[in-house]
Every structure is written in structure tokens, then in C-alpha cells.
Amino acid sequence: MSKEIIGRCRLRLILDHRRMTQEDLVVMTGIHKSQINEYINDKRTMSLKSARIISKSCKCSIEDLYEWLD
């Protein structure tokens, strides 16, 4: 069984694709803007709870939020 490693956050790409701003995501999720910014800039990794909330708001899977390295 291979161990998967979390790569770069893809949230900026997803927001751009959905034509959403960080502010839109703040309103939809209730997650503070500074926290979302830290995710986007790879300064913080999302908790499972935050990833689930964000993925539902962005209409994507949790796996889509990050690059995954084998």
C-alpha cells in the first residue's frame, strides 16, 4: 500500500474556475478569510471538516482541493 502525500493546495485554481472570490467562499462557508488565504498560500493544511465544507461550497470532491503525490 502506497502512502499518499498532500501536495499543493488547488483552492485558488478551483475558485478561479468557478469564478468565485475568497470573499464569496467566506460568505458561503463561514470560514475566516485569513484562514482561506492560508490554505491558498500553502501555509496551512485544511482540516477534514474545513475541506468538506469548502468542497461542498465549490461543488468538488475533497480530493480535488489538493495535489496528491504517491
# chains A, B, ... in the order shown; residues from 1 in each chain; ligands from 1
>>> residues_around(residues="region 18-34 of chain A", least_positions_apart="2", cutoff="8 Å", atoms="only C-alpha atoms", output="number ranges by chain")
A: 14-16, 36-38, 50, 53-54, 57-58
>>> select_by_dssp(residues="chain A", states="alpha helix (DSSP H)", output="PDB file with N, CA, C and O atoms, in the first residue's frame")
ATOM      1  N   LEU A  11      -7.014  25.220  -4.243  1.00  0.00           N
ATOM      2  CA  LEU A  11      -8.201  26.032  -4.000  1.00  0.00           C
ATOM      3  C   LEU A  11      -8.249  27.273  -4.888  1.00  0.00           C
ATOM      4  O   LEU A  11      -9.299  27.608  -5.422  1.00  0.00           O
ATOM      5  N   ARG A  12      -7.133  27.964  -5.085  1.00  0.00           N
ATOM      6  CA  ARG A  12      -7.114  29.148  -5.949  1.00  0.00           C
ATOM      7  C   ARG A  12      -7.577  28.775  -7.360  1.00  0.00           C
ATOM      8  O   ARG A  12      -8.392  29.451  -7.961  1.00  0.00           O
ATOM      9  N   LEU A  13      -7.070  27.669  -7.885  1.00  0.00           N
ATOM     10  CA  LEU A  13      -7.449  27.197  -9.217  1.00  0.00           C
ATOM     11  C   LEU A  13      -8.947  26.880  -9.282  1.00  0.00           C
ATOM     12  O   LEU A  13      -9.631  27.246 -10.247  1.00  0.00           O
ATOM     13  N   ILE A  14      -9.449  26.237  -8.256  1.00  0.00           N
ATOM     14  CA  ILE A  14     -10.874  25.888  -8.209  1.00  0.00           C
ATOM     15  C   ILE A  14     -11.730  27.149  -8.145  1.00  0.00           C
ATOM     16  O   ILE A  14     -12.736  27.263  -8.860  1.00  0.00           O
ATOM     17  N   LEU A  15     -11.347  28.098  -7.298  1.00  0.00           N
ATOM     18  CA  LEU A  15     -12.103  29.353  -7.208  1.00  0.00           C
ATOM     19  C   LEU A  15     -12.095  30.090  -8.547  1.00  0.00           C
ATOM     20  O   LEU A  15     -13.130  30.579  -8.991  1.00  0.00           O
ATOM     21  N   ASP A  16     -10.936  30.155  -9.189  1.00  0.00           N
ATOM     22  CA  ASP A  16     -10.847  30.817 -10.500  1.00  0.00           C
ATOM     23  C   ASP A  16     -11.745  30.128 -11.517  1.00  0.00           C
ATOM     24  O   ASP A  16     -12.454  30.783 -12.279  1.00  0.00           O
ATOM     25  N   HIS A  17     -11.718  28.810 -11.525  1.00  0.00           N
ATOM     26  CA  HIS A  17     -12.542  28.035 -12.457  1.00  0.00           C
ATOM     27  C   HIS A  17     -14.037  28.277 -12.222  1.00  0.00           C
ATOM     28  O   HIS A  17     -14.819  28.336 -13.168  1.00  0.00           O
ATOM     29  N   ARG A  18     -14.401  28.418 -10.968  1.00  0.00           N
ATOM     30  CA  ARG A  18     -15.811  28.644 -10.610  1.00  0.00           C
ATOM     31  C   ARG A  18     -16.193  30.134 -10.646  1.00  0.00           C
ATOM     32  O   ARG A  18     -17.324  30.494 -10.349  1.00  0.00           O
ATOM     33  N   GLN A  22     -12.354  34.807  -2.869  1.00  0.00           N
ATOM     34  CA  GLN A  22     -12.201  34.349  -1.494  1.00  0.00           C
ATOM     35  C   GLN A  22     -13.352  34.857  -0.639  1.00  0.00           C
ATOM     36  O   GLN A  22     -13.843  34.150   0.239  1.00  0.00           O
ATOM     37  N   GLU A  23     -13.790  36.088  -0.909  1.00  0.00           N
ATOM     38  CA  GLU A  23     -14.907  36.663  -0.155  1.00  0.00           C
ATOM     39  C   GLU A  23     -16.186  35.854  -0.361  1.00  0.00           C
ATOM     40  O   GLU A  23     -16.965  35.657   0.575  1.00  0.00           O
ATOM     41  N   ASP A  24     -16.419  35.392  -1.603  1.00  0.00           N
ATOM     42  CA  ASP A  24     -17.581  34.536  -1.874  1.00  0.00           C
ATOM     43  C   ASP A  24     -17.515  33.284  -1.008  1.00  0.00           C
ATOM     44  O   ASP A  24     -18.524  32.869  -0.421  1.00  0.00           O
ATOM     45  N   LEU A  25     -16.320  32.695  -0.940  1.00  0.00           N
ATOM     46  CA  LEU A  25     -16.152  31.470  -0.160  1.00  0.00           C
ATOM     47  C   LEU A  25     -16.341  31.723   1.330  1.00  0.00           C
ATOM     48  O   LEU A  25     -16.939  30.904   2.029  1.00  0.00           O
ATOM     49  N   VAL A  26     -15.891  32.872   1.807  1.00  0.00           N
ATOM     50  CA  VAL A  26     -16.091  33.245   3.214  1.00  0.00           C
ATOM     51  C   VAL A  26     -17.580  33.286   3.532  1.00  0.00           C
ATOM     52  O   VAL A  26     -18.034  32.725   4.533  1.00  0.00           O
ATOM     53  N   VAL A  27     -18.346  33.934   2.671  1.00  0.00           N
ATOM     54  CA  VAL A  27     -19.796  34.060   2.891  1.00  0.00           C
ATOM     55  C   VAL A  27     -20.474  32.684   2.854  1.00  0.00           C
ATOM     56  O   VAL A  27     -21.329  32.384   3.683  1.00  0.00           O
ATOM     57  N   MET A  28     -20.053  31.846   1.908  1.00  0.00           N
ATOM     58  CA  MET A  28     -20.685  30.532   1.746  1.00  0.00           C
ATOM     59  C   MET A  28     -20.329  29.553   2.866  1.00  0.00           C
ATOM     60  O   MET A  28     -21.143  28.705   3.219  1.00  0.00           O
ATOM     61  N   THR A  29     -19.115  29.676   3.406  1.00  0.00           N
ATOM     62  CA  THR A  29     -18.645  28.669   4.363  1.00  0.00           C
ATOM     63  C   THR A  29     -18.611  29.134   5.805  1.00  0.00           C
ATOM     64  O   THR A  29     -18.622  28.309   6.716  1.00  0.00           O
ATOM     65  N   LYS A  33     -11.570  34.679   6.331  1.00  0.00           N
ATOM     66  CA  LYS A  33     -10.796  34.963   5.117  1.00  0.00           C
ATOM     67  C   LYS A  33      -9.311  34.681   5.311  1.00  0.00           C
ATOM     68  O   LYS A  33      -8.651  34.149   4.405  1.00  0.00           O
ATOM     69  N   SER A  34      -8.757  35.007   6.459  1.00  0.00           N
ATOM     70  CA  SER A  34      -7.324  34.769   6.675  1.00  0.00           C
ATOM     71  C   SER A  34      -7.012  33.277   6.643  1.00  0.00           C
ATOM     72  O   SER A  34      -5.956  32.869   6.154  1.00  0.00           O
ATOM     73  N   GLN A  35      -7.929  32.461   7.133  1.00  0.00           N
ATOM     74  CA  GLN A  35      -7.738  31.016   7.115  1.00  0.00           C
ATOM     75  C   GLN A  35      -7.782  30.497   5.681  1.00  0.00           C
ATOM     76  O   GLN A  35      -6.928  29.691   5.285  1.00  0.00           O
ATOM     77  N   ILE A  36      -8.728  30.957   4.890  1.00  0.00           N
ATOM     78  CA  ILE A  36      -8.817  30.563   3.480  1.00  0.00           C
ATOM     79  C   ILE A  36      -7.556  30.993   2.741  1.00  0.00           C
ATOM     80  O   ILE A  36      -6.987  30.234   1.949  1.00  0.00           O
ATOM     81  N   ASN A  37      -7.072  32.192   3.034  1.00  0.00           N
ATOM     82  CA  ASN A  37      -5.855  32.685   2.410  1.00  0.00           C
ATOM     83  C   ASN A  37      -4.662  31.811   2.774  1.00  0.00           C
ATOM     84  O   ASN A  37      -3.796  31.537   1.933  1.00  0.00           O
ATOM     85  N   GLU A  38      -4.597  31.348   4.008  1.00  0.00           N
ATOM     86  CA  GLU A  38      -3.512  30.463   4.431  1.00  0.00           C
ATOM     87  C   GLU A  38      -3.576  29.130   3.686  1.00  0.00           C
ATOM     88  O   GLU A  38      -2.533  28.563   3.340  1.00  0.00           O
ATOM     89  N   TYR A  39      -4.784  28.620   3.432  1.00  0.00           N
ATOM     90  CA  TYR A  39      -4.921  27.392   2.646  1.00  0.00           C
ATOM     91  C   TYR A  39      -4.388  27.626   1.233  1.00  0.00           C
ATOM     92  O   TYR A  39      -3.592  26.854   0.721  1.00  0.00           O
ATOM     93  N   ILE A  40      -4.842  28.701   0.608  1.00  0.00           N
ATOM     94  CA  ILE A  40      -4.469  29.012  -0.776  1.00  0.00           C
ATOM     95  C   ILE A  40      -2.955  29.168  -0.915  1.00  0.00           C
ATOM     96  O   ILE A  40      -2.372  28.740  -1.910  1.00  0.00           O
ATOM     97  N   LEU A  48     -10.197  18.084   7.958  1.00  0.00           N
ATOM     98  CA  LEU A  48     -11.204  17.338   7.209  1.00  0.00           C
ATOM     99  C   LEU A  48     -12.533  18.087   7.212  1.00  0.00           C
ATOM    100  O   LEU A  48     -13.220  18.172   6.189  1.00  0.00           O
ATOM    101  N   LYS A  49     -12.880  18.670   8.348  1.00  0.00           N
ATOM    102  CA  LYS A  49     -14.136  19.419   8.459  1.00  0.00           C
ATOM    103  C   LYS A  49     -14.142  20.614   7.498  1.00  0.00           C
ATOM    104  O   LYS A  49     -15.112  20.814   6.760  1.00  0.00           O
ATOM    105  N   SER A  50     -13.061  21.397   7.484  1.00  0.00           N
ATOM    106  CA  SER A  50     -12.989  22.546   6.588  1.00  0.00           C
ATOM    107  C   SER A  50     -12.989  22.104   5.129  1.00  0.00           C
ATOM    108  O   SER A  50     -13.654  22.711   4.287  1.00  0.00           O
ATOM    109  N   ALA A  51     -12.252  21.034   4.815  1.00  0.00           N
ATOM    110  CA  ALA A  51     -12.210  20.526   3.444  1.00  0.00           C
ATOM    111  C   ALA A  51     -13.596  20.100   2.982  1.00  0.00           C
ATOM    112  O   ALA A  51     -13.985  20.359   1.841  1.00  0.00           O
ATOM    113  N   ARG A  52     -14.334  19.475   3.853  1.00  0.00           N
ATOM    114  CA  ARG A  52     -15.689  19.047   3.484  1.00  0.00           C
ATOM    115  C   ARG A  52     -16.589  20.255   3.225  1.00  0.00           C
ATOM    116  O   ARG A  52     -17.326  20.299   2.247  1.00  0.00           O
ATOM    117  N   ILE A  53     -16.536  21.256   4.100  1.00  0.00           N
ATOM    118  CA  ILE A  53     -17.356  22.461   3.935  1.00  0.00           C
ATOM    119  C   ILE A  53     -16.984  23.172   2.637  1.00  0.00           C
ATOM    120  O   ILE A  53     -17.860  23.572   1.860  1.00  0.00           O
ATOM    121  N   ILE A  54     -15.689  23.325   2.384  1.00  0.00           N
ATOM    122  CA  ILE A  54     -15.229  24.019   1.180  1.00  0.00           C
ATOM    123  C   ILE A  54     -15.582  23.224  -0.069  1.00  0.00           C
ATOM    124  O   ILE A  54     -16.041  23.795  -1.061  1.00  0.00           O
ATOM    125  N   SER A  55     -15.386  21.915  -0.045  1.00  0.00           N
ATOM    126  CA  SER A  55     -15.692  21.110  -1.236  1.00  0.00           C
ATOM    127  C   SER A  55     -17.177  21.158  -1.572  1.00  0.00           C
ATOM    128  O   SER A  55     -17.542  21.217  -2.755  1.00  0.00           O
ATOM    129  N   LYS A  56     -18.035  21.162  -0.569  1.00  0.00           N
ATOM    130  CA  LYS A  56     -19.478  21.279  -0.840  1.00  0.00           C
ATOM    131  C   LYS A  56     -19.801  22.641  -1.443  1.00  0.00           C
ATOM    132  O   LYS A  56     -20.599  22.737  -2.374  1.00  0.00           O
ATOM    133  N   SER A  57     -19.183  23.689  -0.940  1.00  0.00           N
ATOM    134  CA  SER A  57     -19.432  25.038  -1.451  1.00  0.00           C
ATOM    135  C   SER A  57     -18.910  25.216  -2.869  1.00  0.00           C
ATOM    136  O   SER A  57     -19.503  25.936  -3.667  1.00  0.00           O
ATOM    137  N   CYS A  58     -17.805  24.563  -3.184  1.00  0.00           N
ATOM    138  CA  CYS A  58     -17.192  24.672  -4.516  1.00  0.00           C
ATOM    139  C   CYS A  58     -17.687  23.594  -5.479  1.00  0.00           C
ATOM    140  O   CYS A  58     -17.266  23.549  -6.632  1.00  0.00           O
TER     141      CYS A  58
END
>>> select_by_dssp(residues="chain A", states="strand (DSSP E or B)", output="ChimeraX atom specification")
/A:5-9,66-69
>>> atom_distance(atom1="CA of Arg10 (chain A)", atom2="CA of Ser61 (chain A)")
11.6 Å
